[in-house]
There are 2 protein chains.
Amino acid sequence: MSEFKSDQYGPCTVTIKHGCPIELAMHIMGGKWKGIILSLLSKSPMYYNAIRREIPGITQRILTLQLRDMEKDGLVAREETNDSPKRVLYYLTDLGENFVPILKSLKQWGNIYIDKQEEGLKK
Amino acid sequence: MSEFKSDQYGPCTVTIKHGCPIELAMHIMGGKWKGIILSLLSKSPMYYNAIRREIPGITQRILTLQLRDMEKDGLVAREETNDSPKRVLYYLTDLGENFVPILKSLKQWGNIYIDKQEEGLKK
DNA sequence: CTGAATCCTTCAGGATACTG
DNA sequence: CAGTATCCTGAAGGATTCAG
């Protein structure tokens, strides 16, 4: 009766091991830096190094991994230039764009949470 | 210039180690079962065992841990009865309710994702 | 009925160095 | 510039058993 029965997507033996679309979305976007990356790219396409500069604290390896995940999941796309040394431009796909509003909601909710915590301190 | 500078909440040395409200929200709600729990409780308050029955595959330990997290984070509240054996009722707080719409968005987005995957298969 | 106590596994994320 | 290649760590989740 619940909408959250697990493993109920019929013959769909795709890459999907999550029965519930919510779990799926959380898993796809749950990477530590994916929210920030998506937010950055929502403003404009960016080259690899530009992204890296905007996220101090991330290593090359991790940035590449997160971008690869997001590419595989169809959130971002990449485009290599013919320059030398070559550069790689990343930009959001439609699916990626679709997530941006959710990101804004999450941000609002996060701020509410922070406010409540600060209230709790003053009392 | 970015809205996502990390560790920029001034003297706020609370439980908050996330500079960005988005990261914060993802971290709080990122627990493997928290989405499902929240969804269940959004329909009505529930006793511990009822929740457990609705989520086959979760162990007692994990369910308790997730509920404790959510209680600590102010998403749910608990109320013990005086029965014997005692029962514990869980229900959403305002903060928890505030997250429900986001859950719906995540669900929609997840379904879009699934549809796109299935398209890709038919071609 | 609702948990606490132990112990164990997995894997995302990170540090560092190297490359076309 | 945009990555690989190794190696390592911690924390989340899980299996199982015991308790008020």
# chains A, B, ... in the order shown; residues from 1 in each chain; ligands from 1
$ residues_around --residues "region 2-16 of chain D" --least-positions-apart "4" --cutoff "9 Å" --atoms "only C-alpha atoms (C1' of nucleotides)" --output "list in words"
Tyr48, Asn49, Gln60, Arg61, Thr64, Pro85, Lys86, Arg87 and Val88 of chain A; Gly31, Lys32, Ile58, Thr59, Arg61 and Ile62 of chain B; DT6, DC7, DC8, DT9, DT10, DG14, DA15, DT16, DA17, DC18 and DT19 of chain C
$ select_by_dssp --residues "region 14-45 of chain B" --states "helix (DSSP H, G or I)" --output "NGL selection string"
:B and (21-29 or 34-43)
$ closest_residue --among "B:Leu41, B:Lys107, B:Val76, B:Leu121" --to "chain A" --atoms "only C-alpha atoms"
B:Lys107
$ atom_distance --atom1 "C1' of DA5 (chain C)" --atom2 "CA of Gln66 (chain B)"
17.1 Å
$ interface_residues --of "chain A" --to "chain B" --cutoff "9 Å" --atoms "only C-alpha atoms" --output "PyMOL selection string"
chain A and resi 2-6+12+14-16+20-27+29-30+32-33+35-36+39-40+54-57+73-74+95+98-99+101-114+117-118+121
$ select_by_dssp --residues "chain A" --states "strand (DSSP E or B)" --output "list in words"
Met46, Tyr47, Val76, Ala77, Arg78, Glu79, Glu80, Val88, Leu89, Tyr90, Tyr91 and Leu92 of chain A
$ closest_residue --among "A:Leu65, A:Ile51, A:Asp94, A:Pro45" --to "Arg78 (chain A)" --atoms "only C-alpha atoms"
A:Pro45
$ residues_around --residues "DA19 (chain D)" --least-positions-apart "2" --cutoff "12 Å" --atoms "only C-alpha atoms (C1' of nucleotides)" --output "compact mmCIF listing (two decimals) with C-alpha atoms (C1' of nucleotides), in the first residue's frame"
# COMPACT_ATOMS: atom_id res chain seq x y z
C1' DC C 1 7.89 -3.68 22.30
C1' DT C 2 11.85 -0.85 21.78
C1' DG C 3 15.99 -0.70 21.91
C1' DA C 4 21.52 -1.18 23.46
C1' DA C 5 26.01 -3.73 22.74
C1' DT D 17 22.71 -11.24 20.24
$ closest_residue --among "B:Gly19, B:Leu38, B:Arg52, B:Leu63" --to "chain D" --atoms "only C-alpha atoms (C1' of nucleotides)"
B:Leu63
$ atom_distance --atom1 "CA of Ser84 (chain A)" --atom2 "CA of Leu67 (chain A)"
21.7 Å
$ atom_distance --atom1 "CA of Glu71 (chain B)" --atom2 "CA of Val100 (chain B)"
16.0 Å
